[in-house]
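Below is one structure, written out as structure tokens; the observations come after it.
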Amino acid sequence: MAEQEILSVQELVKTYPGAASGLFQKEDNRIHAVRSVSFTLKKGETLGLVGESGCGKSTLGKQIAMIEIPDSGSIRYEGHELVGIKPEQKQKIRTDIQMIFQDAYASLNPRKRIYDILSEPLLYHHICSKEEVSGRIVELLGEVGLPEHAAQRYPHEFSGGQRQRICIAKALSLNPKLIVCDEPVSALDVSIQAQILNLLKDLQKKYEVSYLFIAHGLGAVRYISDRIAVMYLGKIVETADSQELFEHPRHPYTKALINASPIADPTRRDEEKAHLEGEIPSAVHIAKGCSFATRCPFASVACRDQDPSMTEEGNGHSYACIHPLGGEV
């Protein structure tokens, strides 16, 4: 795998207006969706991004895909800054960075045939000429395991898994170097999930594309990811290689997520394991100290007073915790 970075995110912040109070919006009512997030992604690598619903994963993905604009921070793609980029510079970058969404049906225009859905980006971005479009569409459908005649059908005529294959073909049509996968398999049956994950891995190997794979299901993330970043209440609290993270989690939140995952081995299903309790704290009024302290069984007075910074172990494993765990799951 190439070691060159394709993406570098530094101190990214994104807030949204909260509930209005009176005639004017108060600053302290803003929702803190992404709070000073930093990470890197290498060429040909898959970085899994996991966390509970509402932790800011999808918001982060949309900012990288330039669907939303961050409040502050830096997003550097192949060394080029994307935050504040001029409109005329966006077109080339948008062919390089694509996004696959969870709801494949909502991502496809129900009134258009698959041929039209796939041909529009090809022609708009001048990927191929009108004479070459038909051949390119047949090629794309073949890449994702769909027959040639699928081009003449409409989205509602396909199953959920087939629609997601079409969305992958649409993203692939622009020859991207980075694809943000926003929970692309969470709405699918388990057997179909495996097929889509294998397809993504095969396409990555063939085209050397990089993935930011967003999900809340750890099984899929562990299978497809080279590295994993764990996100809680808008912040990344732990990052490590996939195997290292599952075998030696350092943050209590990471371990709780792993414990909450279904166990395939029936002989281990009766094991006593600590699970998450309580709800994620308010994203409007961020409490002092560690955001996980209100749900952490190991929290101390120091945890409630100090917001821990990331600690690097030296093997690519980093975590934000005052009292890190040391044992295996």
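Labeling convention for the structure tokens: chains A, B, ... as they appear, residues from 1 per chain, ligands from 1 in order of appearance.
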
Residues within 8 Å of stretch 302-318 of chain A, please, as a PDB file with C-alpha atoms, in the first residue's frame. Count only C-alpha atoms; anything in the same chain fewer than 6 positions from it doesn't count.
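As written to disk, selection_20.pdb reads:
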ATOM      1  CA  VAL A 237     -11.345   9.510  20.740  1.00  0.00           C
ATOM      2  CA  GLU A 238      -9.238   6.612  19.415  1.00  0.00           C
ATOM      3  CA  THR A 239      -7.423   5.629  16.210  1.00  0.00           C
ATOM      4  CA  ALA A 240      -5.520   2.426  15.466  1.00  0.00           C
ATOM      5  CA  ASP A 241      -4.944  -0.309  12.922  1.00  0.00           C
ATOM      6  CA  GLU A 244      -4.897  -3.566  17.062  1.00  0.00           C
ATOM      7  CA  LEU A 245      -8.071  -1.648  17.899  1.00  0.00           C
ATOM      8  CA  LYS A 288     -16.450  20.555  30.903  1.00  0.00           C
ATOM      9  CA  GLY A 289     -13.914  17.737  30.846  1.00  0.00           C
ATOM     10  CA  CYS A 290     -14.165  14.416  29.007  1.00  0.00           C
ATOM     11  CA  SER A 291     -17.435  14.109  27.098  1.00  0.00           C
ATOM     12  CA  ALA A 293     -17.215  10.870  31.654  1.00  0.00           C
TER      13      ALA A 293
END

* Backbone DSSP call of helix (DSSP H, G or I) for stretch 78-254 of chain A, listed as a ChimeraX atom specification -> /A:87-96,104-107,114-124,130-143,148-152,155-157,160-172,190-207,218-224,242-247,252-254

* To do: Would you kindly return, as a ChimeraX atom specification, each protein, DNA or RNA residue with an atom no farther than 12 Å from any atom of A:Ile137, considering only C-alpha atoms and excluding same-chain residues fewer than 2 positions away?
  => /A:114-123,127-128,130-135,139-144,146-152,166,169-170,172-174

* **Contact residues around stretch 83-86 of chain A with only C-alpha atoms at 8 Å, ignoring same-chain residues under 6 positions, as number ranges by chain** => A: 69-70, 73-75

Keeping only all heavy atoms, take the residues you just selected and write them out as a CSV table (one decimal), in the first residue's frame.
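Writing the result to out-v2.csv gives the following:
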chain,number,residue,atom,x,y,z
A,69,ILE,N,-19.9,23.0,4.2
A,69,ILE,CA,-18.7,23.9,4.4
A,69,ILE,C,-18.4,23.9,5.9
A,69,ILE,O,-19.3,24.2,6.7
A,69,ILE,CB,-18.9,25.3,3.9
A,69,ILE,CG1,-19.2,25.3,2.4
A,69,ILE,CG2,-17.7,26.2,4.2
A,69,ILE,CD1,-19.6,26.6,1.8
A,70,PRO,N,-17.2,23.6,6.3
A,70,PRO,CA,-16.9,23.6,7.8
A,70,PRO,C,-16.8,25.0,8.3
A,70,PRO,O,-16.6,26.0,7.5
A,70,PRO,CB,-15.5,22.9,7.9
A,70,PRO,CG,-14.9,23.1,6.5
A,70,PRO,CD,-16.1,23.1,5.5
A,73,GLY,N,-11.0,25.1,10.3
A,73,GLY,CA,-10.2,23.9,10.2
A,73,GLY,C,-9.6,23.7,8.7
A,73,GLY,O,-9.9,24.6,7.9
A,74,SER,N,-9.0,22.6,8.5
A,74,SER,CA,-8.3,22.4,7.2
A,74,SER,C,-8.6,21.0,6.6
A,74,SER,O,-8.6,20.0,7.4
A,74,SER,CB,-6.8,22.5,7.4
A,74,SER,OG,-6.1,22.1,6.2
A,75,ILE,N,-8.9,21.0,5.3
A,75,ILE,CA,-9.1,19.7,4.6
A,75,ILE,C,-8.1,19.8,3.4
A,75,ILE,O,-8.4,20.6,2.5
A,75,ILE,CB,-10.5,19.5,4.1
A,75,ILE,CG1,-11.5,19.5,5.3
A,75,ILE,CG2,-10.6,18.1,3.4
A,75,ILE,CD1,-13.0,19.4,4.9

* Asked: With distances taken over only C-alpha atoms, which of A:Cys296, A:Leu325, A:Ile258, A:Val185 is nearest to A:Asp103?
  ->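 Checking each of A:Cys296, A:Leu325, A:Ile258, A:Val185 against A:Asp103, counting only C-alpha atoms, the winner is A:Val185.
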
* To do: From the DSSP assignment of the backbone, select every residue of stretch 58-300 of chain A that is strand (DSSP E or B), and format the answer as a ChimeraX atom specification.
  => /A:72-77,80-81,97-100,178-182,210-215,227-232,235-241

Export of the given selection (N, CA, C and O atoms) as a tab-separated table (two decimals), in the first residue's frame:
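Final output, saved to out30.tsv:
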chain	number	residue	atom	x	y	z
A	72	SER	N	-14.48	25.98	10.53
A	72	SER	CA	-13.05	26.26	10.58
A	72	SER	C	-12.29	24.95	10.45
A	72	SER	O	-12.87	23.87	10.47
A	73	GLY	N	-10.98	25.07	10.31
A	73	GLY	CA	-10.16	23.89	10.15
A	73	GLY	C	-9.64	23.74	8.73
A	73	GLY	O	-9.87	24.59	7.87
A	74	SER	N	-8.95	22.63	8.49
A	74	SER	CA	-8.30	22.40	7.20
A	74	SER	C	-8.64	21.03	6.65
A	74	SER	O	-8.65	20.04	7.39
A	75	ILE	N	-8.93	20.97	5.35
A	75	ILE	CA	-9.08	19.71	4.61
A	75	ILE	C	-8.15	19.80	3.41
A	75	ILE	O	-8.40	20.55	2.47
A	76	ARG	N	-7.07	19.04	3.44
A	76	ARG	CA	-6.11	19.06	2.35
A	76	ARG	C	-6.19	17.76	1.57
A	76	ARG	O	-5.99	16.68	2.13
A	77	TYR	N	-6.50	17.89	0.28
A	77	TYR	CA	-6.59	16.73	-0.62
A	77	TYR	C	-5.41	16.79	-1.59
A	77	TYR	O	-5.26	17.76	-2.33
A	80	HIS	N	-3.70	20.01	-1.58
A	80	HIS	CA	-4.45	21.22	-1.93
A	80	HIS	C	-5.54	21.47	-0.89
A	80	HIS	O	-6.33	20.58	-0.55
A	81	GLU	N	-5.61	22.68	-0.39
A	81	GLU	CA	-6.60	23.06	0.61
A	81	GLU	C	-7.99	23.15	-0.02
A	81	GLU	O	-8.19	23.83	-1.03
A	97	ILE	N	-13.35	13.19	-5.68
A	97	ILE	CA	-13.94	12.80	-4.39
A	97	ILE	C	-15.43	12.56	-4.58
A	97	ILE	O	-16.18	13.48	-4.89
A	98	GLN	N	-15.85	11.33	-4.42
A	98	GLN	CA	-17.26	10.96	-4.57
A	98	GLN	C	-17.82	10.44	-3.24
A	98	GLN	O	-17.07	10.12	-2.32
A	99	MET	N	-19.14	10.36	-3.16
A	99	MET	CA	-19.80	9.91	-1.93
A	99	MET	C	-20.89	8.91	-2.26
A	99	MET	O	-21.66	9.09	-3.21
A	100	ILE	N	-20.94	7.83	-1.48
A	100	ILE	CA	-22.00	6.82	-1.57
A	100	ILE	C	-22.82	6.91	-0.29
A	100	ILE	O	-22.27	6.84	0.81
A	178	LEU	N	-10.87	9.11	-4.20
A	178	LEU	CA	-11.35	8.98	-2.82
A	178	LEU	C	-12.87	8.87	-2.83
A	178	LEU	O	-13.54	9.68	-3.47
A	179	ILE	N	-13.40	7.87	-2.16
A	179	ILE	CA	-14.85	7.71	-2.03
A	179	ILE	C	-15.23	7.70	-0.56
A	179	ILE	O	-14.68	6.93	0.23
A	180	VAL	N	-16.14	8.59	-0.20
A	180	VAL	CA	-16.70	8.62	1.16
A	180	VAL	C	-17.92	7.71	1.16
A	180	VAL	O	-18.92	7.98	0.49
A	181	CYS	N	-17.85	6.62	1.90
A	181	CYS	CA	-18.94	5.64	1.98
A	181	CYS	C	-19.70	5.87	3.27
A	181	CYS	O	-19.22	5.53	4.36
A	182	ASP	N	-20.88	6.48	3.18
A	182	ASP	CA	-21.65	6.85	4.36
A	182	ASP	C	-22.67	5.76	4.68
A	182	ASP	O	-23.78	5.75	4.18
A	210	SER	N	-9.12	5.21	-2.48
A	210	SER	CA	-9.14	5.28	-1.02
A	210	SER	C	-10.57	5.41	-0.53
A	210	SER	O	-11.40	6.04	-1.19
A	211	TYR	N	-10.87	4.83	0.63
A	211	TYR	CA	-12.21	4.90	1.20
A	211	TYR	C	-12.17	5.52	2.59
A	211	TYR	O	-11.31	5.18	3.41
A	212	LEU	N	-13.13	6.41	2.86
A	212	LEU	CA	-13.50	6.76	4.22
A	212	LEU	C	-14.81	6.03	4.45
A	212	LEU	O	-15.84	6.41	3.87
A	213	PHE	N	-14.78	4.95	5.23
A	213	PHE	CA	-15.94	4.07	5.39
A	213	PHE	C	-16.63	4.37	6.71
A	213	PHE	O	-16.13	4.03	7.78
A	214	ILE	N	-17.78	5.02	6.63
A	214	ILE	CA	-18.53	5.44	7.81
A	214	ILE	C	-19.59	4.40	8.16
A	214	ILE	O	-20.35	3.95	7.28
A	215	ALA	N	-19.65	3.99	9.42
A	215	ALA	CA	-20.64	2.99	9.83
A	215	ALA	C	-20.77	2.99	11.34
A	215	ALA	O	-19.92	3.53	12.06
A	227	ARG	N	-7.42	0.88	8.90
A	227	ARG	CA	-7.38	1.58	10.18
A	227	ARG	C	-8.79	1.99	10.56
A	227	ARG	O	-9.66	2.10	9.71
A	228	ILE	N	-8.99	2.24	11.86
A	228	ILE	CA	-10.31	2.63	12.35
A	228	ILE	C	-10.17	3.83	13.28
A	228	ILE	O	-9.27	3.88	14.12
A	229	ALA	N	-11.07	4.80	13.10
A	229	ALA	CA	-11.16	5.95	14.00
A	229	ALA	C	-12.51	5.90	14.70
A	229	ALA	O	-13.54	5.70	14.05
A	230	VAL	N	-12.51	6.04	16.01
A	230	VAL	CA	-13.73	5.98	16.82
A	230	VAL	C	-14.14	7.40	17.18
A	230	VAL	O	-13.33	8.17	17.71
A	231	MET	N	-15.39	7.72	16.92
A	231	MET	CA	-15.88	9.09	17.12
A	231	MET	C	-16.96	9.11	18.20
A	231	MET	O	-17.85	8.26	18.23
A	232	TYR	N	-16.88	10.10	19.08
A	232	TYR	CA	-17.87	10.26	20.15
A	232	TYR	C	-18.17	11.73	20.33
A	232	TYR	O	-17.27	12.54	20.57
A	235	LYS	N	-16.03	14.22	18.37
A	235	LYS	CA	-14.57	14.15	18.47
A	235	LYS	C	-14.10	12.73	18.22
A	235	LYS	O	-14.79	11.75	18.56
A	236	ILE	N	-12.90	12.60	17.64
A	236	ILE	CA	-12.27	11.29	17.51
A	236	ILE	C	-11.55	10.98	18.82
A	236	ILE	O	-10.70	11.76	19.27
A	237	VAL	N	-11.90	9.84	19.43
A	237	VAL	CA	-11.34	9.51	20.74
A	237	VAL	C	-10.31	8.39	20.68
A	237	VAL	O	-9.58	8.17	21.65
A	238	GLU	N	-10.25	7.67	19.55
A	238	GLU	CA	-9.24	6.61	19.42
A	238	GLU	C	-9.04	6.28	17.95
A	238	GLU	O	-9.99	6.24	17.16
A	239	THR	N	-7.78	6.03	17.56
A	239	THR	CA	-7.42	5.63	16.21
A	239	THR	C	-6.35	4.56	16.28
A	239	THR	O	-5.38	4.69	17.04
A	240	ALA	N	-6.52	3.49	15.48
A	240	ALA	CA	-5.52	2.43	15.47
A	240	ALA	C	-5.74	1.55	14.24
A	240	ALA	O	-6.78	1.64	13.57
A	241	ASP	N	-4.75	0.71	13.94
A	241	ASP	CA	-4.94	-0.31	12.92
A	241	ASP	C	-6.12	-1.19	13.34
A	241	ASP	O	-6.36	-1.39	14.53

Counting only C-alpha atoms, which residues of stretch 161-262 of chain A sit at most 12 Å from some atom of stretch 277-280 of chain A, and what is each one's closest atom pair with its distance in Å to one decimal, listed by chain and rising residue number, as JSON lines?
{"residue": "A:Met231", "atom": "CA", "partner": "A:Ile280", "partner_atom": "CA", "distance": 11.9}
{"residue": "A:Tyr232", "atom": "CA", "partner": "A:Ile280", "partner_atom": "CA", "distance": 8.4}
{"residue": "A:Leu233", "atom": "CA", "partner": "A:Ile280", "partner_atom": "CA", "distance": 7.1}
{"residue": "A:Gly234", "atom": "CA", "partner": "A:Ile280", "partner_atom": "CA", "distance": 10.8}
{"residue": "A:Tyr253", "atom": "CA", "partner": "A:Glu277", "partner_atom": "CA", "distance": 10.7}
{"residue": "A:Ala256", "atom": "CA", "partner": "A:Glu277", "partner_atom": "CA", "distance": 9.4}
{"residue": "A:Leu257", "atom": "CA", "partner": "A:Glu277", "partner_atom": "CA", "distance": 11.2}
{"residue": "A:Ala260", "atom": "CA", "partner": "A:Glu277", "partner_atom": "CA", "distance": 10.9}

* Contacts of stretch 192-199 of chain A within 10 Å, only C-alpha atoms, excl. fewer than 2 positions in-chain, as a list in words ->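 Skipping anything fewer than 2 positions along the chain leaves Glu143, Val144, Gly145, Gly160, Gly161, Gln162, Gln164, Arg165, Ile168, Pro184, Val185, Ser186, Ala187, Leu188, Asp189, Val190, Lys201, Asp202, Leu203, Gln204, Lys205, Ala220, Val221, Tyr223 and Ile224 of chain A.
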
Go ahead and dump the residues you just picked, N, CA and C atoms, as an mmCIF file, in the first residue's frame.
data_model
loop_
_atom_site.group_PDB
_atom_site.id
_atom_site.type_symbol
_atom_site.label_atom_id
_atom_site.label_comp_id
_atom_site.auth_asym_id
_atom_site.auth_seq_id
_atom_site.Cartn_x
_atom_site.Cartn_y
_atom_site.Cartn_z
ATOM 1 N N GLU A 143 -18.771 -3.846 -13.993
ATOM 2 C CA GLU A 143 -17.859 -3.712 -12.853
ATOM 3 C C GLU A 143 -18.555 -3.985 -11.535
ATOM 4 N N VAL A 144 -19.838 -3.625 -11.446
ATOM 5 C CA VAL A 144 -20.571 -3.801 -10.185
ATOM 6 C C VAL A 144 -21.484 -5.026 -10.218
ATOM 7 N N GLY A 145 -21.335 -5.861 -11.230
ATOM 8 C CA GLY A 145 -22.070 -7.126 -11.272
ATOM 9 C C GLY A 145 -23.498 -7.044 -11.766
ATOM 10 N N GLY A 160 -32.661 -3.542 -3.042
ATOM 11 C CA GLY A 160 -31.820 -2.591 -2.333
ATOM 12 C C GLY A 160 -30.345 -2.785 -2.630
ATOM 13 N N GLY A 161 -29.908 -4.041 -2.661
ATOM 14 C CA GLY A 161 -28.515 -4.322 -2.962
ATOM 15 C C GLY A 161 -28.127 -3.917 -4.374
ATOM 16 N N GLN A 162 -29.034 -4.163 -5.331
ATOM 17 C CA GLN A 162 -28.763 -3.771 -6.716
ATOM 18 C C GLN A 162 -28.711 -2.258 -6.863
ATOM 19 N N GLN A 164 -27.749 -0.190 -4.585
ATOM 20 C CA GLN A 164 -26.472 0.276 -4.043
ATOM 21 C C GLN A 164 -25.337 0.003 -5.028
ATOM 22 N N ARG A 165 -25.432 -1.074 -5.782
ATOM 23 C CA ARG A 165 -24.440 -1.344 -6.823
ATOM 24 C C ARG A 165 -24.476 -0.250 -7.897
ATOM 25 N N ILE A 168 -22.730 2.745 -6.560
ATOM 26 C CA ILE A 168 -21.282 2.543 -6.621
ATOM 27 C C ILE A 168 -20.787 2.786 -8.043
ATOM 28 N N PRO A 184 -22.955 2.562 3.710
ATOM 29 C CA PRO A 184 -23.508 2.029 2.459
ATOM 30 C C PRO A 184 -24.160 0.671 2.575
ATOM 31 N N VAL A 185 -23.941 -0.057 3.685
ATOM 32 C CA VAL A 185 -24.524 -1.406 3.797
ATOM 33 C C VAL A 185 -25.472 -1.549 4.976
ATOM 34 N N SER A 186 -25.649 -0.512 5.772
ATOM 35 C CA SER A 186 -26.434 -0.644 7.008
ATOM 36 C C SER A 186 -27.910 -0.934 6.753
ATOM 37 N N ALA A 187 -28.443 -0.565 5.577
ATOM 38 C CA ALA A 187 -29.856 -0.795 5.277
ATOM 39 C C ALA A 187 -30.089 -2.105 4.541
ATOM 40 N N LEU A 188 -29.040 -2.925 4.374
ATOM 41 C CA LEU A 188 -29.128 -4.149 3.585
ATOM 42 C C LEU A 188 -29.111 -5.393 4.471
ATOM 43 N N ASP A 189 -29.633 -6.504 3.941
ATOM 44 C CA ASP A 189 -29.559 -7.778 4.639
ATOM 45 C C ASP A 189 -28.096 -8.186 4.806
ATOM 46 N N VAL A 190 -27.822 -9.013 5.803
ATOM 47 C CA VAL A 190 -26.448 -9.385 6.120
ATOM 48 C C VAL A 190 -25.756 -10.038 4.930
ATOM 49 N N LYS A 201 -14.079 -3.912 -1.875
ATOM 50 C CA LYS A 201 -12.684 -4.320 -1.730
ATOM 51 C C LYS A 201 -12.068 -4.660 -3.088
ATOM 52 N N ASP A 202 -12.823 -5.346 -3.947
ATOM 53 C CA ASP A 202 -12.316 -5.693 -5.279
ATOM 54 C C ASP A 202 -12.050 -4.438 -6.109
ATOM 55 N N LEU A 203 -12.967 -3.483 -6.048
ATOM 56 C CA LEU A 203 -12.801 -2.237 -6.809
ATOM 57 C C LEU A 203 -11.622 -1.430 -6.282
ATOM 58 N N GLN A 204 -11.424 -1.455 -4.973
ATOM 59 C CA GLN A 204 -10.289 -0.742 -4.394
ATOM 60 C C GLN A 204 -8.970 -1.326 -4.876
ATOM 61 N N LYS A 205 -8.907 -2.659 -4.918
ATOM 62 C CA LYS A 205 -7.692 -3.317 -5.369
ATOM 63 C C LYS A 205 -7.422 -3.018 -6.840
ATOM 64 N N ALA A 220 -18.770 -4.834 9.854
ATOM 65 C CA ALA A 220 -18.448 -4.384 8.496
ATOM 66 C C ALA A 220 -17.181 -3.550 8.490
ATOM 67 N N VAL A 221 -17.028 -2.684 9.495
ATOM 68 C CA VAL A 221 -15.855 -1.815 9.565
ATOM 69 C C VAL A 221 -14.587 -2.643 9.756
ATOM 70 N N TYR A 223 -14.051 -5.685 8.844
ATOM 71 C CA TYR A 223 -13.782 -6.479 7.651
ATOM 72 C C TYR A 223 -13.117 -5.668 6.551
ATOM 73 N N ILE A 224 -13.538 -4.421 6.377
ATOM 74 C CA ILE A 224 -13.088 -3.653 5.211
ATOM 75 C C ILE A 224 -11.964 -2.669 5.514
#

* To do: Considering only C-alpha atoms, state which residue in the set A:Lys62, A:His323, A:Lys42, A:Arg94 is at the smallest distance from A:Ala171.
  =>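 Smallest distance to A:Ala171 is found for A:Arg94.
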